[in-house]
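Structure data (mmCIF, C-alpha atoms) from my_file-v2.cif:
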```cif
data_target
loop_
_atom_site.group_PDB
_atom_site.id
_atom_site.type_symbol
_atom_site.label_atom_id
_atom_site.label_comp_id
_atom_site.auth_asym_id
_atom_site.auth_seq_id
_atom_site.Cartn_x
_atom_site.Cartn_y
_atom_site.Cartn_z
ATOM 1 C CA MET U 1 0.000 0.000 0.000
ATOM 2 C CA SER U 2 1.752 3.127 -1.177
ATOM 3 C CA ASP U 3 -0.855 5.891 -0.894
ATOM 4 C CA LYS U 4 -0.800 7.485 2.534
ATOM 5 C CA LEU U 5 -4.166 8.392 4.021
ATOM 6 C CA THR U 6 -4.900 12.064 4.660
ATOM 7 C CA LYS U 7 -7.920 14.082 5.785
ATOM 8 C CA ASP U 8 -8.979 14.210 2.141
ATOM 9 C CA THR U 9 -8.786 10.453 1.506
ATOM 10 C CA ALA U 10 -9.836 8.989 4.873
ATOM 11 C CA ILE U 11 -13.406 8.089 5.820
ATOM 12 C CA ALA U 12 -12.657 8.808 9.491
ATOM 13 C CA HIS U 13 -10.097 10.934 11.322
ATOM 14 C CA ARG U 14 -9.248 11.452 14.997
ATOM 15 C CA VAL U 15 -6.721 13.905 16.438
ATOM 16 C CA LEU U 16 -4.785 12.806 19.520
ATOM 17 C CA GLU U 17 -2.233 14.742 21.519
ATOM 18 C CA LEU U 18 1.076 13.759 23.060
ATOM 19 C CA LYS U 19 0.689 13.450 26.819
ATOM 20 C CA GLU U 20 4.063 15.128 27.433
ATOM 21 C CA ASN U 21 3.357 17.907 24.938
ATOM 22 C CA PRO U 22 -0.389 18.403 24.282
ATOM 23 C CA SER U 23 0.305 20.980 21.566
ATOM 24 C CA GLU U 24 1.896 18.231 19.435
ATOM 25 C CA LYS U 25 -0.792 16.277 17.588
ATOM 26 C CA VAL U 26 -1.007 12.721 16.274
ATOM 27 C CA ASP U 27 -3.536 12.029 13.517
ATOM 28 C CA VAL U 28 -5.295 8.694 13.109
ATOM 29 C CA PHE U 29 -6.897 8.084 9.723
ATOM 30 C CA ILE U 30 -9.133 5.179 8.705
ATOM 31 C CA GLY U 31 -9.628 4.471 5.027
ATOM 32 C CA ASN U 32 -12.418 2.945 3.010
ATOM 33 C CA PRO U 33 -12.376 -0.888 3.048
ATOM 34 C CA PHE U 34 -11.606 -2.380 -0.359
ATOM 35 C CA GLN U 35 -11.775 -5.873 -1.813
ATOM 36 C CA LEU U 36 -8.550 -7.791 -2.393
ATOM 37 C CA GLY U 37 -10.001 -11.175 -3.381
ATOM 38 C CA LYS U 38 -13.163 -13.257 -3.184
ATOM 39 C CA ASP U 39 -13.203 -13.495 0.629
ATOM 40 C CA GLU U 40 -10.576 -10.908 1.460
ATOM 41 C CA TRP U 41 -11.053 -7.223 2.217
ATOM 42 C CA ALA U 42 -8.571 -4.668 3.518
ATOM 43 C CA CYS U 43 -9.132 -1.586 5.638
ATOM 44 C CA PRO U 44 -6.229 0.885 5.534
ATOM 45 C CA TYR U 45 -5.238 3.029 8.485
ATOM 46 C CA ARG U 46 -2.542 5.562 9.245
ATOM 47 C CA ILE U 47 -1.117 6.936 12.474
ATOM 48 C CA VAL U 48 1.093 9.973 11.924
ATOM 49 C CA GLY U 49 2.703 12.536 14.232
ATOM 50 C CA GLY U 50 4.922 12.552 17.292
ATOM 51 C CA GLY U 51 7.668 10.761 15.385
ATOM 52 C CA ILE U 52 5.278 8.048 14.161
ATOM 53 C CA ASP U 53 4.193 7.358 10.591
ATOM 54 C CA LEU U 54 2.451 3.989 10.325
ATOM 55 C CA ASN U 55 0.624 3.392 7.061
ATOM 56 C CA LEU U 56 -0.873 -0.112 7.214
ATOM 57 C CA GLN U 57 -3.998 -2.154 6.579
ATOM 58 C CA ILE U 58 -5.937 -4.912 8.296
ATOM 59 C CA ILE U 59 -7.507 -7.848 6.442
ATOM 60 C CA GLY U 60 -10.996 -9.306 6.984
ATOM 61 C CA VAL U 61 -13.320 -11.732 5.205
ATOM 62 C CA ASP U 62 -15.637 -8.877 4.231
ATOM 63 C CA SER U 63 -15.697 -5.107 4.451
ATOM 64 C CA VAL U 64 -17.564 -5.077 7.765
ATOM 65 C CA GLN U 65 -15.067 -7.389 9.468
ATOM 66 C CA ALA U 66 -12.122 -5.388 8.116
ATOM 67 C CA LEU U 67 -13.684 -2.217 9.513
ATOM 68 C CA GLN U 68 -14.432 -3.872 12.868
ATOM 69 C CA LEU U 69 -10.872 -5.173 13.183
ATOM 70 C CA VAL U 70 -9.212 -1.861 12.440
ATOM 71 C CA PHE U 71 -10.195 -0.290 15.802
ATOM 72 C CA PRO U 72 -8.439 -2.733 18.165
ATOM 73 C CA ILE U 73 -5.507 -2.905 15.734
ATOM 74 C CA ILE U 74 -5.100 0.881 15.898
ATOM 75 C CA ASP U 75 -5.200 0.673 19.701
ATOM 76 C CA SER U 76 -2.519 -2.054 19.687
ATOM 77 C CA ALA U 77 -0.373 -0.144 17.206
ATOM 78 C CA ILE U 78 -0.455 2.942 19.410
ATOM 79 C CA ILE U 79 0.473 0.882 22.481
ATOM 80 C CA GLY U 80 3.349 -0.635 20.488
ATOM 81 C CA THR U 81 4.826 2.791 19.747
ATOM 82 C CA ASN U 82 5.394 3.453 23.472
ATOM 83 C CA VAL U 83 4.125 6.999 22.938
ATOM 84 C CA SER U 84 1.653 8.243 25.539
ATOM 85 C CA LEU U 85 -1.325 9.882 23.874
ATOM 86 C CA LEU U 86 -4.497 11.610 25.017
ATOM 87 C CA TRP U 87 -7.853 12.140 23.359
ATOM 88 C CA ASP U 88 -9.686 15.233 24.571
ATOM 89 C CA GLY U 89 -7.407 15.260 27.624
ATOM 90 C CA GLU U 90 -8.170 11.636 28.559
ATOM 91 C CA GLU U 91 -5.972 8.530 28.349
ATOM 92 C CA TYR U 92 -8.826 6.491 26.818
ATOM 93 C CA LEU U 93 -8.353 6.944 23.055
ATOM 94 C CA GLY U 94 -11.707 5.461 22.050
ATOM 95 C CA PHE U 95 -10.488 2.684 19.744
ATOM 96 C CA ALA U 96 -10.782 -0.388 21.993
ATOM 97 C CA PRO U 97 -13.450 -1.049 24.648
ATOM 98 C CA LYS U 98 -12.656 0.222 28.129
#
```
Kindly transcribe the structure held in the file into C-alpha cells.
Amino acid sequence: MSDKLTKDTAIAHRVLELKENPSEKVDVFIGNPFQLGKDEWACPYRIVGGGIDLNLQIIGVDSVQALQLVFPIIDSAIIGTNVSLLWDGEEYLGFAPK
C-alpha cells in the first residue's frame, strides 16, 4: 500500500495529543475498506505525528469485518509505539473497549 491516508482520503479521522506535549498532535486516519479477493477485504489506516508514521492495513473476510478489526488494531499499534497519547485530555483513546 503506497498511498498514505490524509484528511482528504480517509473516511474517518481522529486527532490525539502527546501526553508530554499536548500541543503536538497525532492524527489517526481510517480508510475505506476495499476488496482484495473473493473473501478478502482490507481496511487501511494511518497513524502519523509525534515521530510516528504507520501506514498499514488490516484484512478481513468482508468489508464489515475489516472495519471492525481496524479499531483494536489501531489501539494495539499505538500501544506498540510506546508513545503516551491523550484524546480530549483523557488517556482512553476510544479505539478499543474500556
**Message:** On this structure, the PyMOL selection byres ((chain U and resi 17-32) around 10) would catch which residues? List them as JSON, numbers by chain, sorted by chain and number.
**Reply:** {"U": [4, 5, 6, 7, 8, 9, 10, 11, 12, 13, 14, 15, 16, 33, 34, 42, 43, 44, 45, 46, 47, 48, 49, 50, 51, 52, 53, 54, 55, 56, 57, 63, 66, 67, 70, 71, 74, 78, 83, 84, 85, 86, 87, 88, 89, 90, 91]}
**Request:** State, in Å with one decimal place, the distance from atom CA of U:Val61 to atom CA of U:Ile79.
**Result:**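 Atom-to-atom, atom CA of U:Val61 to atom CA of U:Ile79, that is 25.5 Å.
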**Prompt:** Any idea what the distance is between atom CA of U:Leu69 and atom CA of U:Ala96?
**Reply:** 10.0 Å
**Asked** How many Å separate atom CA of U:Glu40 from atom CA of U:Gly80?
**Response**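 About the pair atom CA of U:Glu40 and atom CA of U:Gly80: they are 25.7 Å apart.
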**Prompt:** Pick from U:Trp41, U:Gln35, U:Asp3, U:Leu93: nearest to U:Pro72, with only C-alpha atoms counted?
**Reply:**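 Counting only C-alpha atoms, the residue closest to U:Pro72 is U:Leu93.
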Would you place a box with edges along x, y and z of the file around all atoms of stretch 51-54 of chain U listed there, add 6 Å to each of its six sides, and report the centre and edge lengths in Å to one decimal, as JSON?
```
{"center_x": 5.1, "center_y": 7.4, "center_z": 12.9, "size_x": 17.2, "size_y": 18.8, "size_z": 17.1}
```
